[in-house]
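Here the structure is laid out as structure tokens; the discussion comes afterwards.
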Amino acid sequence: MTRLPPHAYFVVSAVFHYLGPAFAVLLFTRVDVLGVAWLRIASAAVIFALWRRPWRVWRSLDRTTRWLLGGWGAVLAAMNSCFYLAIDRLPLGTVAAVEFLPVIALAAVATRSGRNAVALLLAVGGVYVLSDVRLVASPLGFGFAAANAALFALYIVLGHRVAQSPRVRGIDGLALAMLIAAVVAAPVGFADAAPAFADPMALLAGIGVGVSSSVIPYVCDQLAMARLSRATYALLVALLPATATAIGIVVLAQVPSAVEVLGVALVVAGVAVHRDRRASADYSPTSRRRSSAS
């Protein structure tokens, strides 16, 4: 593992983080959107559960920490569902770019500086350009993208609180949250996912989406962050909206217009410029705990 440079792990994480959703879009023709979202959450939950056995940790937690994890899992379920409903209607790169606006806003609130003010202006400008292009064509899709972005910000806040808990840390906390998310999302997602259980190829594809979107990126993130400085990692994260756009072009033939490229570029610039001194390395507002998901 240590023979590979840490940047290689980040590249793998960045590619799979959006390759999974791109494959999910292709799967929408065989399984309904919320069914695919549930398959992603449930398959990742099973893998993390077999790996970490998080129920052993759950027994030792106090009520406050359990409620915190419950809220984190519920937000994860809603966030993934909104993300999939958005990418069913909008290009992958657009949804990824919108997702980073509240992240930068959180950083600007936490660390008030001229640098973060510029970052926020760039990101707002980029999302405005994208909304001007897409809001008329698909207002519902943009609404889901905005909801996903807001939930992503809340997911970061709750994830940071879990990371600060002395009783549950790292992958164990994520494993518990993923199990809770699978249960929370089941009432709206399981029925839509049911046809996949009679279609082995669709079921395998759904599991593949979960592994690609949640398991591989998270593990690679941990390997990258262990050897990269915060500043370097934060700068690399700025490439994610562009990565999503590139994967959308290659896998889904979602070729952006010149205006959309400008919007994504502004968001990328905003992510690259912003800084948050208060967040920890593992749960900084730039670390992608959507694992999850999104």
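Labels for the structure tokens follow display order: chains A, B, ..., residues from 1 in each chain, ligands from 1.
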request  = Skip range 39-55 of chain A itself and residues of its chain fewer than 6 positions away, then list as a PyMOL selection string all residues within 10 Å of it, counting only C-alpha atoms.
outcome  = chain A and resi 20-21+24+31+33+76-77+80-81+168+171-183+185-186+189-190+192-194+196+203-216+291-293
message = Need to verify the contact set: Ala246 in chain A, 10 Å, only C-alpha atoms, exclusion of same-chain residues closer than 6 positions in sequence. Can you return it as number ranges by chain?
response = A: 15, 18, 92-93, 240, 252-256
key: Shell around Val98 in chain A at 10 Å using only C-alpha atoms, local window under 4 positions removed, as number ranges by chain   = A: 93-94, 102-103, 123-124, 126-128, 130-131, 142, 145-150, 241, 263-264, 267
Residues just named, written with N, CA and C atoms as a CSV table (one decimal), in the first residue's frame:
```csv
chain,number,residue,atom,x,y,z
A,93,GLY,N,-22.1,16.5,-13.6
A,93,GLY,CA,-21.2,17.6,-13.3
A,93,GLY,C,-22.0,18.7,-12.6
A,94,THR,N,-23.2,19.0,-13.1
A,94,THR,CA,-24.0,20.1,-12.5
A,94,THR,C,-24.4,19.8,-11.1
A,102,PRO,N,-22.9,24.9,-0.4
A,102,PRO,CA,-23.1,25.0,1.1
A,102,PRO,C,-21.8,24.6,1.8
A,103,VAL,N,-21.0,23.7,1.2
A,103,VAL,CA,-19.7,23.3,1.8
A,103,VAL,C,-18.8,24.5,2.0
A,123,ALA,N,-18.1,30.5,-6.0
A,123,ALA,CA,-19.0,29.3,-6.0
A,123,ALA,C,-20.4,29.8,-6.3
A,124,VAL,N,-20.9,30.9,-5.6
A,124,VAL,CA,-22.2,31.4,-5.9
A,124,VAL,C,-22.4,31.7,-7.3
A,126,GLY,N,-20.7,30.5,-9.9
A,126,GLY,CA,-20.8,29.3,-10.7
A,126,GLY,C,-22.1,28.6,-10.6
A,127,VAL,N,-22.7,28.5,-9.4
A,127,VAL,CA,-24.0,27.8,-9.2
A,127,VAL,C,-25.1,28.7,-9.9
A,128,TYR,N,-25.0,30.0,-9.8
A,128,TYR,CA,-25.9,30.9,-10.5
A,128,TYR,C,-25.9,30.7,-12.0
A,130,LEU,N,-25.0,27.9,-13.6
A,130,LEU,CA,-25.6,26.6,-13.8
A,130,LEU,C,-27.1,26.6,-13.6
A,131,SER,N,-27.6,27.3,-12.6
A,131,SER,CA,-29.0,27.4,-12.4
A,131,SER,C,-29.7,28.2,-13.5
A,142,PHE,N,-33.3,20.6,-10.3
A,142,PHE,CA,-32.4,21.5,-9.6
A,142,PHE,C,-32.9,21.6,-8.1
A,145,ALA,N,-31.2,18.8,-6.5
A,145,ALA,CA,-29.8,19.0,-6.4
A,145,ALA,C,-29.5,20.0,-5.2
A,146,ALA,N,-30.4,21.0,-5.0
A,146,ALA,CA,-30.3,22.0,-3.9
A,146,ALA,C,-30.5,21.3,-2.6
A,147,ALA,N,-31.5,20.4,-2.5
A,147,ALA,CA,-31.8,19.6,-1.3
A,147,ALA,C,-30.6,18.7,-1.0
A,148,ASN,N,-30.1,18.1,-2.0
A,148,ASN,CA,-28.9,17.2,-1.7
A,148,ASN,C,-27.7,18.0,-1.2
A,149,ALA,N,-27.5,19.2,-1.7
A,149,ALA,CA,-26.4,20.1,-1.3
A,149,ALA,C,-26.6,20.5,0.2
A,150,ALA,N,-27.9,20.9,0.5
A,150,ALA,CA,-28.1,21.3,1.9
A,150,ALA,C,-28.0,20.1,2.9
A,241,PRO,N,-15.7,18.5,-8.9
A,241,PRO,CA,-16.7,18.9,-9.9
A,241,PRO,C,-16.3,18.7,-11.3
A,263,GLY,N,-19.6,27.6,-15.4
A,263,GLY,CA,-20.2,27.4,-14.1
A,263,GLY,C,-19.4,26.5,-13.3
A,264,VAL,N,-19.1,25.3,-13.8
A,264,VAL,CA,-18.3,24.3,-13.1
A,264,VAL,C,-16.9,24.9,-12.8
A,267,VAL,N,-17.0,27.1,-9.7
A,267,VAL,CA,-17.1,26.3,-8.5
A,267,VAL,C,-15.8,25.7,-8.1
```
task = Name the residues in contact with Val129 in chain A at a cut-off of 8 Å, using only C-alpha atoms, excluding same-chain residues fewer than 6 positions from it; report them as a PyMOL selection string.
result = chain A and resi 259-260+262-263
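Nearest to Tyr155 in chain A of all the residues A:Cys220, A:Leu101, A:Ala137, A:Val75 is A:Val75, based on only C-alpha atoms.
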remark   = Computed gap from CA of Trp38 in chain A to CA of Leu158 in chain A is 21.1 Å
request  = Check the smallest atom-to-atom distance from each of A:Asp62, A:Asp221, A:Asp88, A:Asp199 to Ser165 in chain A using only C-alpha atoms, then report the winner.
outcome  = A:Asp62
ask   = By how many Å are CA of Asn116 in chain A and CA of Phe100 in chain A apart?
value =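 Interatomic distance here is 13.5 Å.
Among the candidates A:Val109, A:Ala74, A:Ala265, A:Val219, the one nearest to Thr243 in chain A when counting only C-alpha atoms is A:Ala265.
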task = For CA of Ala224 in chain A and CA of Ile247 in chain A, determine how far apart the two atoms are, in Å to one decimal place.
result =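 These two atoms are separated by 21.1 Å.
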task = Run DSSP on the backbone of this structure and report the residues of range 15-215 of chain A it assigns to alpha helix (DSSP H), as a ChimeraX atom specification.
result = /A:15-27,33-52,55-58,63-87,92-110,114-134,139-164,170-193,200-210
